[in-house]
file data.cif (mmCIF, C-alpha atoms and all ligand atoms)
data_query
#
loop_
_atom_site.label_atom_id
_atom_site.label_comp_id
_atom_site.auth_asym_id
_atom_site.auth_seq_id
_atom_site.Cartn_x
_atom_site.Cartn_y
_atom_site.Cartn_z
CA MET P 288 6.02 2.57 20.65
CA SER P 289 6.80 6.03 21.81
CA ILE P 290 5.90 9.59 21.00
CA LEU P 291 8.69 11.16 18.99
CA ASP P 292 9.44 14.86 19.00
CA LYS P 293 8.96 16.90 15.89
CA GLU P 294 12.67 17.32 15.18
CA GLN P 295 13.26 13.57 15.28
CA LEU P 296 10.36 12.90 12.95
CA ARG P 297 11.50 15.69 10.65
CA ALA P 298 14.97 14.16 10.43
CA ASN P 299 13.54 10.70 9.70
CA LEU P 300 11.12 12.02 7.10
CA ASP P 301 13.82 14.11 5.42
CA GLU P 302 16.09 11.10 5.17
CA VAL P 303 13.35 9.00 3.56
CA ILE P 304 12.41 11.81 1.18
CA TRP P 305 16.01 12.29 0.06
CA ASN P 306 16.46 8.57 -0.48
CA ILE P 307 13.28 8.52 -2.56
CA GLU P 308 14.51 11.49 -4.59
CA GLU P 309 17.83 9.90 -5.34
CA ALA P 310 16.28 6.58 -6.35
CA ARG P 311 13.46 7.99 -8.44
CA ILE P 312 15.68 10.43 -10.35
CA SER P 313 17.99 7.53 -11.22
CA VAL P 314 14.96 6.06 -13.01
CA SER P 315 13.67 9.30 -14.56
CA GLU P 316 12.92 12.84 -13.46
CA HIS P 317 9.33 12.08 -14.37
CA HIS P 318 9.14 8.96 -12.24
CA ILE P 319 6.92 10.22 -9.41
CA VAL P 320 6.74 8.08 -6.27
CA LYS P 321 4.00 8.31 -3.68
CA LEU P 322 4.94 7.81 -0.03
CA VAL P 323 2.38 6.12 2.20
CA THR P 324 3.42 6.24 5.84
CA VAL P 325 2.58 3.00 7.62
CA SER P 326 1.42 4.02 11.06
CA LYS P 327 0.35 0.60 12.40
CA TYR P 328 3.06 0.42 15.09
CA THR P 329 3.15 4.06 16.07
CA GLU P 330 1.24 6.47 18.27
CA LEU P 331 -1.55 8.72 17.09
CA GLU P 332 0.52 11.78 18.11
CA ASN P 333 3.24 10.87 15.62
CA ILE P 334 0.69 10.84 12.79
CA SER P 335 -0.40 14.38 13.68
CA THR P 336 3.23 15.49 13.80
CA LEU P 337 3.94 13.97 10.39
CA TYR P 338 0.87 15.75 9.08
CA ALA P 339 2.31 19.02 10.39
CA LEU P 340 5.51 18.18 8.51
CA GLY P 341 3.57 17.78 5.27
CA GLN P 342 2.83 14.06 5.06
CA ARG P 343 -0.73 13.25 3.96
CA ALA P 344 -1.09 9.54 3.13
CA PHE P 345 -1.16 6.90 5.88
CA GLY P 346 -1.64 3.15 5.93
CA GLU P 347 -2.96 0.70 8.52
CA ASN P 348 -3.22 -3.09 8.42
CA GLN P 349 -6.21 -3.61 10.71
CA VAL P 350 -9.72 -2.35 10.15
CA GLN P 351 -10.32 -1.61 13.83
CA GLN P 352 -7.21 0.53 14.25
CA LEU P 353 -7.85 2.21 10.91
CA LYS P 354 -11.30 3.17 12.16
CA GLU P 355 -10.03 4.54 15.48
CA ARG P 356 -7.42 6.67 13.77
CA MET P 357 -9.61 7.94 10.99
CA THR P 358 -12.14 8.96 13.60
CA ALA P 359 -9.60 10.59 15.93
CA LEU P 360 -8.01 12.54 13.08
CA GLU P 361 -11.07 13.26 10.98
CA GLU P 362 -10.44 17.00 11.09
CA LEU P 363 -7.22 16.54 9.09
CA PRO P 364 -7.35 16.12 5.30
CA LEU P 365 -5.59 12.74 5.34
CA GLU P 366 -5.65 9.90 2.86
CA TRP P 367 -5.99 6.40 4.34
CA HIS P 368 -4.83 3.12 2.85
CA MET P 369 -5.72 -0.39 3.99
CA ILE P 370 -2.62 -2.57 3.59
CA GLY P 371 -3.34 -5.72 5.62
CA SER P 372 -5.28 -8.95 5.12
CA LEU P 373 -8.99 -8.24 5.22
CA GLN P 374 -11.10 -10.71 7.16
CA LYS P 375 -14.49 -11.33 5.64
CA ASN P 376 -16.34 -10.29 8.78
CA LYS P 377 -14.66 -6.85 8.59
CA ILE P 378 -15.62 -6.08 5.00
CA ASN P 379 -18.66 -3.97 5.85
CA ASN P 380 -16.69 -1.99 8.42
CA LEU P 381 -14.01 -1.22 5.87
CA ILE P 382 -16.53 -0.15 3.24
CA ASP P 383 -18.08 2.31 5.68
CA LEU P 384 -14.66 3.88 6.28
CA ARG P 385 -14.26 4.66 2.56
CA PRO P 386 -10.48 4.20 2.42
CA THR P 387 -8.63 5.93 -0.41
CA LEU P 388 -7.06 2.66 -1.53
CA MET P 389 -7.37 -0.93 -0.37
CA GLN P 390 -3.98 -2.41 -1.31
CA SER P 391 -4.39 -5.99 -0.17
CA LEU P 392 -6.96 -7.72 -2.34
CA ASP P 393 -5.41 -11.18 -2.04
CA SER P 394 -7.93 -13.78 -3.26
CA LEU P 395 -10.76 -14.22 -5.73
CA ASP P 396 -12.99 -15.29 -2.89
CA LEU P 397 -12.35 -12.00 -1.04
CA ALA P 398 -12.91 -10.01 -4.25
CA GLN P 399 -16.30 -11.65 -4.82
CA GLU P 400 -17.39 -11.15 -1.23
CA LEU P 401 -16.21 -7.53 -1.24
CA ASN P 402 -17.97 -6.88 -4.55
CA LYS P 403 -21.22 -8.29 -3.20
CA LYS P 404 -21.12 -6.09 -0.12
CA LEU P 405 -20.13 -3.01 -2.12
CA ALA P 406 -23.07 -3.66 -4.42
CA ALA P 407 -25.45 -3.91 -1.46
CA LYS P 408 -24.23 -0.53 -0.24
CA GLU P 409 -24.28 0.88 -3.78
CA THR P 410 -20.70 2.02 -3.65
CA LYS P 411 -17.26 1.23 -5.08
CA MET P 412 -13.79 0.70 -3.70
CA SER P 413 -10.44 1.32 -5.28
CA CYS P 414 -8.16 -1.72 -4.80
CA LEU P 415 -4.78 -3.18 -5.71
CA LEU P 416 -4.25 -6.85 -6.47
CA GLN P 417 -1.74 -8.30 -4.01
CA ILE P 418 0.84 -10.55 -5.64
CA ASN P 419 2.86 -13.17 -3.79
CA ALA P 420 5.83 -12.60 -6.09
CA ALA P 421 8.29 -14.96 -4.40
CA ASN P 422 5.67 -17.70 -3.87
CA GLU P 423 6.15 -17.68 -0.11
CA GLU P 424 3.99 -19.95 2.05
CA SER P 425 3.84 -17.29 4.74
CA LYS P 426 2.33 -14.67 2.44
CA SER P 427 -1.08 -14.23 0.96
CA GLY P 428 -1.71 -12.94 -2.52
CA PHE P 429 -2.12 -14.18 -6.06
CA GLY P 430 0.54 -16.40 -7.59
CA VAL P 431 2.72 -14.92 -10.32
CA GLU P 432 1.30 -17.28 -12.96
CA GLU P 433 -2.34 -16.44 -12.26
CA ALA P 434 -2.10 -12.73 -11.39
CA TYR P 435 -2.64 -11.34 -14.89
CA ASP P 436 -5.68 -13.49 -15.63
CA MET P 437 -7.16 -12.94 -12.18
CA TYR P 438 -6.87 -9.18 -12.63
CA GLN P 439 -9.00 -9.49 -15.79
CA THR P 440 -11.45 -11.85 -14.11
CA ILE P 441 -12.00 -9.51 -11.16
CA LYS P 442 -12.26 -6.51 -13.45
CA GLU P 443 -14.97 -8.22 -15.46
CA SER P 444 -16.89 -9.97 -12.70
CA CYS P 445 -16.64 -7.46 -9.85
CA PRO P 446 -17.90 -4.12 -11.18
CA HIS P 447 -17.91 -2.50 -7.75
CA ILE P 448 -14.19 -3.05 -7.35
CA GLN P 449 -12.08 -0.50 -9.13
CA LEU P 450 -8.76 -2.23 -9.79
CA ASN P 451 -5.96 0.32 -9.93
CA GLY P 452 -2.82 -1.79 -9.98
CA VAL P 453 -0.76 -4.26 -8.00
CA MET P 454 0.96 -4.54 -4.64
CA THR P 455 3.66 -6.86 -3.38
CA ILE P 456 5.77 -7.38 -0.27
CA GLY P 457 9.42 -8.02 -1.20
CA ALA P 458 10.82 -11.51 -0.69
CA HIS P 459 11.61 -12.18 2.96
CA THR P 460 15.36 -12.75 2.75
CA ASP P 461 18.71 -11.02 3.15
CA ASP P 462 19.56 -11.91 -0.43
CA THR P 463 19.17 -8.64 -2.35
CA LYS P 464 19.08 -10.51 -5.67
CA LEU P 465 15.98 -12.44 -4.60
CA ILE P 466 14.26 -9.30 -3.33
CA GLN P 467 15.05 -7.57 -6.60
CA GLN P 468 13.66 -10.55 -8.53
CA SER P 469 10.37 -10.36 -6.64
CA PHE P 470 10.10 -6.65 -7.49
CA GLU P 471 10.98 -7.17 -11.15
CA THR P 472 8.45 -9.97 -11.46
CA THR P 473 5.73 -7.76 -9.99
CA HIS P 474 6.72 -4.81 -12.17
CA ASN P 475 6.52 -6.97 -15.30
CA ILE P 476 2.96 -7.92 -14.45
CA TYR P 477 2.16 -4.25 -13.72
CA GLU P 478 3.51 -3.16 -17.10
CA LYS P 479 1.28 -5.68 -18.90
CA LEU P 480 -1.68 -4.47 -16.85
CA GLN P 481 -1.20 -0.81 -17.70
CA LYS P 482 -3.35 -1.29 -20.78
CA GLU P 483 -6.04 -2.57 -18.39
CA GLY P 484 -5.83 0.68 -16.45
CA ALA P 485 -3.28 -0.23 -13.75
CA LYS P 486 -1.81 2.95 -12.26
CA TYR P 487 -0.05 1.85 -9.10
CA CYS P 488 2.82 -0.54 -8.63
CA SER P 489 3.01 -0.59 -4.82
CA MET P 490 6.24 -2.12 -3.57
CA GLY P 491 8.98 -1.19 -1.14
CA MET P 492 9.07 -0.99 2.67
CA SER P 493 11.62 0.44 5.13
CA ASN P 494 14.35 -2.04 4.25
CA ASP P 495 13.97 -2.14 0.49
CA TYR P 496 12.18 0.95 -0.82
CA THR P 497 15.10 2.39 -2.82
CA LEU P 498 15.58 -0.96 -4.56
CA ALA P 499 11.83 -1.15 -5.21
CA ILE P 500 11.80 2.33 -6.79
CA LYS P 501 14.69 1.37 -9.05
CA CYS P 502 12.61 -1.62 -10.12
CA GLY P 503 9.74 0.70 -11.06
CA SER P 504 7.66 1.07 -7.92
CA ASN P 505 5.57 4.25 -7.83
CA LEU P 506 4.06 3.78 -4.37
CA ILE P 507 6.07 2.82 -1.30
CA ARG P 508 4.81 1.88 2.16
CA VAL P 509 7.26 2.94 4.84
CA GLY P 510 6.79 2.46 8.58
CA SER P 511 9.70 1.70 10.88
CA ALA P 512 12.24 3.91 9.08
CA LEU P 513 10.10 6.91 10.06
CA PHE P 514 9.43 5.99 13.65
CA LYS P 515 12.89 5.06 14.90
C1 LIG P 601 4.03 -3.14 8.07
C2 LIG P 601 3.90 -3.06 6.62
C3 LIG P 601 4.67 -2.14 5.88
C4 LIG P 601 5.72 -1.23 6.52
O1 LIG P 601 6.79 -1.99 6.99
P1 LIG P 601 8.15 -1.30 7.53
O2 LIG P 601 9.16 -2.36 7.36
O3 LIG P 601 7.88 -0.94 8.95
O4 LIG P 601 8.41 -0.12 6.69
C5 LIG P 601 4.46 -2.08 4.52
N1 LIG P 601 3.57 -2.86 3.89
C6 LIG P 601 2.81 -3.76 4.55
C7 LIG P 601 1.84 -4.60 3.79
C8 LIG P 601 2.96 -3.90 5.93
O5 LIG P 601 2.21 -4.80 6.58
#
call {"tool": "encode", "arguments": {"input": "data.cif", "output": "structure tokens"}}
result
Amino acid sequence: MSILDKEQLRANLDEVIWNIEEARISVSEHHIVKLVTVSKYTELENISTLYALGQRAFGENQVQQLKERMTALEELPLEWHMIGSLQKNKINNLIDLRPTLMQSLDSLDLAQELNKKLAAKETKMSCLLQINAANEESKSGFGVEEAYDMYQTIKESCPHIQLNGVMTIGAHTDDTKLIQQSFETTHNIYEKLQKEGAKYCSMGMSNDYTLAIKCGSNLIRVGSALFK
């Protein structure tokens, strides 16, 4: 971790933006892609600098760090996304932070618990269903076979959760074909869920975001490529 100067961050951001442009236009001029900057491994100062360069949406994977940063930067009109596994004992803390989007709803159990606590606080939270598209032991999320049905189940049984789409982490491999497959699988589920109101297909990180966009992603989560 280090504090990067503005010119370095500008160069990194420009490179990512141009890569996004090239990939999204190859899909369609109307394929708009949202960039969420993942700030979990970087310094607070770099977030402020990226804000000055025009970036507005940031993501964190831990409730405690999310809270510290939201508090430290509360003067700035930023959008905050929760992208990491949510422990049950942190649910209330997350609700109080009112994140723009909670992208990592990864089990029915968590959905029910979150819904209960949202109900008690008389509020709602916008969430994405996390899909474990390559069926990896190391990853959490809903299995490919159950994802569609579980989306419906949560929508019907958890009225305080506003389901807005799906999220996946690309297969952990050097084999581009397998990564592509995990994105295509997730995008297929997303397409079927559009009639249920799904708006976001969140996939793509520093190493695979252009591939993800070509597979239909409309929200990418990029960290290390910006903070090198
Ligand atoms: C860390 C993280 C990212 C960003 O990863 P980079 O490879 O640094 O771009 C994206 N999504 C999730 C869920 C993460 O945990």
call {"tool": "closest_residue", "arguments": {"input": "data.cif", "among": "P:Leu506, P:Leu392, P:Leu296, P:Val303", "to": "Ser489 (chain P)", "atoms": "all atoms listed in the file"}}
result
P:Leu506
call {"tool": "atom_distance", "arguments": {"input": "data.cif", "atom1": "CA of Ser469 (chain P)", "atom2": "CA of Thr497 (chain P)"}}
result
14.1 Å
call {"tool": "atom_distance", "arguments": {"input": "data.cif", "atom1": "CA of Tyr438 (chain P)", "atom2": "CA of His368 (chain P)"}}
result
19.9 Å
call {"tool": "axis_aligned_box", "arguments": {"input": "data.cif", "around": "region 330-336 of chain P", "padding_each_side": "5 Å", "output": "AutoDock Vina command-line options"}}
result
--center_x 0.8 --center_y 11.0 --center_z 15.5 --size_x 14.8 --size_y 19.0 --size_z 15.5
call {"tool": "residues_near_ligand", "arguments": {"input": "data.cif", "ligand": "ligand LIG 601 (chain P)", "cutoff": "12 Å", "atoms": "only C-alpha atoms and all ligand atoms", "output": "PyMOL selection string"}}
result
chain P and resi 303+322-329+345-349+368-373+389-393+415+417-419+426-428+454-457+459+489-497+506-515
call {"tool": "write_last_selection", "arguments": {"input": "data.cif", "atoms": "C-alpha atoms", "output": "PDB file, in the coordinates of the input"}}
result
ATOM      1  CA  VAL P 303      13.350   9.000   3.560  1.00  0.00           C
ATOM      2  CA  LEU P 322       4.940   7.810  -0.030  1.00  0.00           C
ATOM      3  CA  VAL P 323       2.380   6.120   2.200  1.00  0.00           C
ATOM      4  CA  THR P 324       3.420   6.240   5.840  1.00  0.00           C
ATOM      5  CA  VAL P 325       2.580   3.000   7.620  1.00  0.00           C
ATOM      6  CA  SER P 326       1.420   4.020  11.060  1.00  0.00           C
ATOM      7  CA  LYS P 327       0.350   0.600  12.400  1.00  0.00           C
ATOM      8  CA  TYR P 328       3.060   0.420  15.090  1.00  0.00           C
ATOM      9  CA  THR P 329       3.150   4.060  16.070  1.00  0.00           C
ATOM     10  CA  PHE P 345      -1.160   6.900   5.880  1.00  0.00           C
ATOM     11  CA  GLY P 346      -1.640   3.150   5.930  1.00  0.00           C
ATOM     12  CA  GLU P 347      -2.960   0.700   8.520  1.00  0.00           C
ATOM     13  CA  ASN P 348      -3.220  -3.090   8.420  1.00  0.00           C
ATOM     14  CA  GLN P 349      -6.210  -3.610  10.710  1.00  0.00           C
ATOM     15  CA  HIS P 368      -4.830   3.120   2.850  1.00  0.00           C
ATOM     16  CA  MET P 369      -5.720  -0.390   3.990  1.00  0.00           C
ATOM     17  CA  ILE P 370      -2.620  -2.570   3.590  1.00  0.00           C
ATOM     18  CA  GLY P 371      -3.340  -5.720   5.620  1.00  0.00           C
ATOM     19  CA  SER P 372      -5.280  -8.950   5.120  1.00  0.00           C
ATOM     20  CA  LEU P 373      -8.990  -8.240   5.220  1.00  0.00           C
ATOM     21  CA  MET P 389      -7.370  -0.930  -0.370  1.00  0.00           C
ATOM     22  CA  GLN P 390      -3.980  -2.410  -1.310  1.00  0.00           C
ATOM     23  CA  SER P 391      -4.390  -5.990  -0.170  1.00  0.00           C
ATOM     24  CA  LEU P 392      -6.960  -7.720  -2.340  1.00  0.00           C
ATOM     25  CA  ASP P 393      -5.410 -11.180  -2.040  1.00  0.00           C
ATOM     26  CA  LEU P 415      -4.780  -3.180  -5.710  1.00  0.00           C
ATOM     27  CA  GLN P 417      -1.740  -8.300  -4.010  1.00  0.00           C
ATOM     28  CA  ILE P 418       0.840 -10.550  -5.640  1.00  0.00           C
ATOM     29  CA  ASN P 419       2.860 -13.170  -3.790  1.00  0.00           C
ATOM     30  CA  LYS P 426       2.330 -14.670   2.440  1.00  0.00           C
ATOM     31  CA  SER P 427      -1.080 -14.230   0.960  1.00  0.00           C
ATOM     32  CA  GLY P 428      -1.710 -12.940  -2.520  1.00  0.00           C
ATOM     33  CA  MET P 454       0.960  -4.540  -4.640  1.00  0.00           C
ATOM     34  CA  THR P 455       3.660  -6.860  -3.380  1.00  0.00           C
ATOM     35  CA  ILE P 456       5.770  -7.380  -0.270  1.00  0.00           C
ATOM     36  CA  GLY P 457       9.420  -8.020  -1.200  1.00  0.00           C
ATOM     37  CA  HIS P 459      11.610 -12.180   2.960  1.00  0.00           C
ATOM     38  CA  SER P 489       3.010  -0.590  -4.820  1.00  0.00           C
ATOM     39  CA  MET P 490       6.240  -2.120  -3.570  1.00  0.00           C
ATOM     40  CA  GLY P 491       8.980  -1.190  -1.140  1.00  0.00           C
ATOM     41  CA  MET P 492       9.070  -0.990   2.670  1.00  0.00           C
ATOM     42  CA  SER P 493      11.620   0.440   5.130  1.00  0.00           C
ATOM     43  CA  ASN P 494      14.350  -2.040   4.250  1.00  0.00           C
ATOM     44  CA  ASP P 495      13.970  -2.140   0.490  1.00  0.00           C
ATOM     45  CA  TYR P 496      12.180   0.950  -0.820  1.00  0.00           C
ATOM     46  CA  THR P 497      15.100   2.390  -2.820  1.00  0.00           C
ATOM     47  CA  LEU P 506       4.060   3.780  -4.370  1.00  0.00           C
ATOM     48  CA  ILE P 507       6.070   2.820  -1.300  1.00  0.00           C
ATOM     49  CA  ARG P 508       4.810   1.880   2.160  1.00  0.00           C
ATOM     50  CA  VAL P 509       7.260   2.940   4.840  1.00  0.00           C
ATOM     51  CA  GLY P 510       6.790   2.460   8.580  1.00  0.00           C
ATOM     52  CA  SER P 511       9.700   1.700  10.880  1.00  0.00           C
ATOM     53  CA  ALA P 512      12.240   3.910   9.080  1.00  0.00           C
ATOM     54  CA  LEU P 513      10.100   6.910  10.060  1.00  0.00           C
ATOM     55  CA  PHE P 514       9.430   5.990  13.650  1.00  0.00           C
ATOM     56  CA  LYS P 515      12.890   5.060  14.900  1.00  0.00           C
TER      57      LYS P 515
END
call {"tool": "closest_residue", "arguments": {"input": "data.cif", "among": "P:Ile441, P:Ala458, P:Leu360, P:Arg311", "to": "Ser425 (chain P)", "atoms": "only C-alpha atoms"}}
result
P:Ala458
